[in-house]
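The block underneath contains the structure these notes are about, expressed in structure tokens.
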Amino acid sequence: MQTIRQTGWMVVRQGRNLMREPIWIAMMIIQPLLWLLLYGQLFSKVTPLHAGASSYIEFLTPGIICMNAFFGGSWSGMAMISDLDRHVIDRFLAAPASRLAIILSQVVRAGVTAIIQAIILLTIGYLLGVRVHGGVLGVLVVFAAAFLLASVFAGFSHGIALLLRRESSMIATANFVSLPLMFLSSILIGAALMPGWIRQVSRFNPVNWGVQAARNAVVFDGPWGQTAVYLLLLLAATAATSAFATWSFRAYQRSI
Amino acid sequence: MTRLDAVDAIVTEDLHKRYKTVQALDGVSFSVREGEVFGLLGPNGAGKSTSVRVLTTLTKPDSGRALVAGEDVVRHPNRVRHMIGYVAQDSGVDWEATGRENLLLQGRIHAMGGTGLHKRVDELLGLLGLVDAADRVARGYSGGMKRRLDIALGLVHKPRVLFLDEPTTGLDPEARAAMWVEVERLAVQENLTILLTTHYLEEADRLAERVAIVSRGKVVVEGTPEELKAGLHGESVTVQLDGTDTRADAAAEVVRTVDGTTEVKVEGHHLRARVPNGAKAIPAILSTLESHGFPVAAVTTARPSLDDVYLHYTGREFTAEDEEGKS
């Protein structure tokens, strides 16, 4: 109970602090639009890429929503580095702050950011002719996929932040992990067009679980059973990476 | 080994902790009585901050035992956390939040809330002179204001024991003096036991009722500043050699031959020695130096200071201890 209360107040802290950074807000809004419009234009003439969707932009929109979510999650550990550098974490740890609450608040923050970006992308997509074929349920699935994908990678990112504790190491790791995972997923092209080995690997890629779920919701209106399995897999992965991050406090505390 | 006593707010027994190559704590034992201001004194790297991090449950000792307000820091860290306030060496202020927001969140972490919390936050903002800055983002605070906010953060939940790790490092002399007054006042008003670490001898002398001198991970002596100074018999004599003379070590050898001088040390052009009586020793020291051809620029004598106590117990100059390793 105390953990949930603390998580809530820490989410409030982060939301409020971020609202004081206009550049951050601008980037959060502009970046996903840039991806959507650039990739959408770049591949718009390549008809096979539509992969069952009525246009490439329709195919791409759920992919870009997921890409933003997991990029955002992957980079979210920078907030932990900054809190460590400013000794805010030490202050919390010497007080009865729950370690899990510190991590969950960051995970929730990343997830909520991903949902806000998903709303923006769906709105712009709508103006470009993208329709969510799964209806209201479809929209909720897209939000869930974005939230969970951001959460999975936020947990991972915060664990790494606590282990590495250096901004430069953090940037290198985020790049090293996120770009391959993006290309080993069906964010940009459908599974049918992938080389066989990438298709096999992508089945184990959490990014792809999110993309498949969101695409089922936007493009295909189902199958919902498979979609639910993807979301449950993401939920399990979130639990795993959040547990890893919480455990990483031990390594940090051994070092101080 | 110290006996565990009900009136001791802090007890440490034979604490050891090693970081890779550095033995940060090498058998630290001391105890702090309920309601006193206790100074942990020593240079950077001596083990003060590591001791504080063990006592505030931030890190675990490799061996040994520590009790804070009667609770074991390793076995019941969360009970300890409820009873302590921790003001770290480096400010733990959230820069993007206002002073008030910082304090409210800290209170909520301590399971406080409602009007009680708001009243307490107002009280602390007033107590530490932060009322006007309360609703400004802390990024714009001066060093002294951040430090005062740090102290307020450590006090929100009315702790029984407050840890102040180097509270005045990085402050200008004016802010430092103000902080001393503040700490003295808070100790009384908030009915606190305070453990203070410092590498300013002056600060320990001014604030602490009792001090422990820490050197290389061990407590070398513990007592009131007065006891420690009185424990050193005699006075110190400082001889300043002529600035052009580079034979300070040779001069020190000569001073050592004078009857009654002990602990002769060289510091650049200065020689320091301990003598039973300054007024009697100075003529002998001067004439001996002159007869060996060492020109003297100035000579002073002083009653023992904590600096002398430090030198006496560690055999080292206070400022010159190894800087390597963790502080």
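Within each chain, counting starts at residue 1; across the structure tokens, chains are named A, B, ... in the order shown, with ligands numbered 1 upward in that order.
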
Which chain A residues are at most 10 Å from chain B (counting only C-alpha atoms), as a PDB file with C-alpha atoms, in the first residue's frame?
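Final output, iface02.pdb:
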ATOM      1  CA  GLN A   2       2.781   2.326   1.017  1.00  0.00           C
ATOM      2  CA  THR A   3       4.567   1.362  -2.220  1.00  0.00           C
ATOM      3  CA  ARG A   5       1.168   5.652  -2.483  1.00  0.00           C
ATOM      4  CA  GLN A   6       4.832   6.467  -2.929  1.00  0.00           C
ATOM      5  CA  THR A   7       4.724   5.447  -6.594  1.00  0.00           C
ATOM      6  CA  TRP A   9       3.615  10.799  -5.493  1.00  0.00           C
ATOM      7  CA  MET A  10       6.817  10.084  -7.375  1.00  0.00           C
ATOM      8  CA  VAL A  12       3.443  13.380  -9.730  1.00  0.00           C
ATOM      9  CA  ARG A  13       6.950  14.680  -9.102  1.00  0.00           C
ATOM     10  CA  GLN A  14       8.203  13.527 -12.488  1.00  0.00           C
ATOM     11  CA  ARG A  16       5.381  18.127 -12.791  1.00  0.00           C
ATOM     12  CA  ASN A  17       9.131  18.443 -13.332  1.00  0.00           C
ATOM     13  CA  LEU A  18       8.844  17.468 -17.008  1.00  0.00           C
ATOM     14  CA  MET A  19       6.057  19.994 -17.551  1.00  0.00           C
ATOM     15  CA  ARG A  20       8.610  22.634 -16.551  1.00  0.00           C
ATOM     16  CA  GLU A  21      10.816  21.686 -19.507  1.00  0.00           C
ATOM     17  CA  SER A  82      20.359  12.563 -13.261  1.00  0.00           C
ATOM     18  CA  ASP A  83      18.705  11.643  -9.935  1.00  0.00           C
ATOM     19  CA  LEU A  84      21.791   9.662  -8.945  1.00  0.00           C
ATOM     20  CA  ASP A  85      24.100  12.537  -9.895  1.00  0.00           C
ATOM     21  CA  ARG A  86      21.988  14.975  -7.894  1.00  0.00           C
ATOM     22  CA  HIS A  87      21.935  12.540  -4.928  1.00  0.00           C
ATOM     23  CA  VAL A  88      18.139  12.518  -4.899  1.00  0.00           C
ATOM     24  CA  ILE A  89      18.203   8.705  -4.921  1.00  0.00           C
ATOM     25  CA  ASP A  90      20.490   8.577  -1.870  1.00  0.00           C
ATOM     26  CA  ARG A  91      18.085  10.892  -0.064  1.00  0.00           C
ATOM     27  CA  PHE A  92      15.155   8.594  -0.911  1.00  0.00           C
ATOM     28  CA  LEU A  93      17.069   5.451   0.076  1.00  0.00           C
ATOM     29  CA  ALA A  94      18.046   6.810   3.492  1.00  0.00           C
ATOM     30  CA  ALA A  95      14.342   7.578   3.981  1.00  0.00           C
ATOM     31  CA  PRO A  96      11.821   4.722   4.000  1.00  0.00           C
ATOM     32  CA  ALA A  97      11.223   4.973   0.239  1.00  0.00           C
ATOM     33  CA  SER A  98      10.292   1.704  -1.421  1.00  0.00           C
ATOM     34  CA  ARG A 250      21.768  -3.687  -4.381  1.00  0.00           C
ATOM     35  CA  TYR A 252      24.413   0.427  -6.556  1.00  0.00           C
ATOM     36  CA  GLN A 253      24.372   0.354  -2.754  1.00  0.00           C
ATOM     37  CA  ARG A 254      27.375  -1.945  -2.655  1.00  0.00           C
ATOM     38  CA  SER A 255      29.283   0.653  -4.654  1.00  0.00           C
ATOM     39  CA  ILE A 256      28.603   3.615  -2.354  1.00  0.00           C
TER      40      ILE A 256
END

Practice item. Considering only C-alpha atoms, return as a VMD selection string whatever protein or nucleic-acid residues lie within 9 Å of Leu271 (chain B), sequence-local ones (same chain, fewer than 4 positions apart) excluded. Key: chain B and resid 237 to 241 248 to 249 251 to 252 255 264 to 267

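CA of Glu182 (chain B) sits 12.9 Å away from CA of Leu155 (chain B).
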
Check your understanding: Can you tell me, as a ChimeraX atom specification, what residues are no more than 9 Å from region 111-118 of chain A when counting only C-alpha atoms, ignoring any on the same chain fewer than 6 positions away?
Key -> /A:28-29,32,62,64-66,68-70,72-73,142-151,154

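Between CA of Ile187 (chain A) and CA of Asn208 (chain A) there is a distance of 7.5 Å.
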
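All residues in region 15-99 of chain B with a DSSP state of alpha helix (DSSP H), computed from the backbone, read Lys48, Ser49, Thr50, Ser51, Val52, Arg53, Val54, Leu55, Pro77, Asn78, Arg79, Val80, Arg81, His82, Met83 and Gly99 of chain B.
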
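Near Phe30 (chain B), within 10 Å and counting only C-alpha atoms, sit Met1, Thr2, Ile10, Val11, Thr12, Glu13, Asp14, Leu15, Leu40, Ala66, Val211, Ala212, Lys218, Val219, Val221 and Glu222 of chain B; same-chain residues fewer than 4 positions away were not included.
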
Practice item. Mind checking which residues fall within 9 Å of region 155-162 of chain A, counting only C-alpha atoms, ignoring those fewer than 5 positions away in the same chain, and posting them as a VMD selection string? Key: chain A and resid 73 to 81 84 103 to 104 106 to 107 150 167 169 to 170 173 to 174 238 to 249 251 to 252
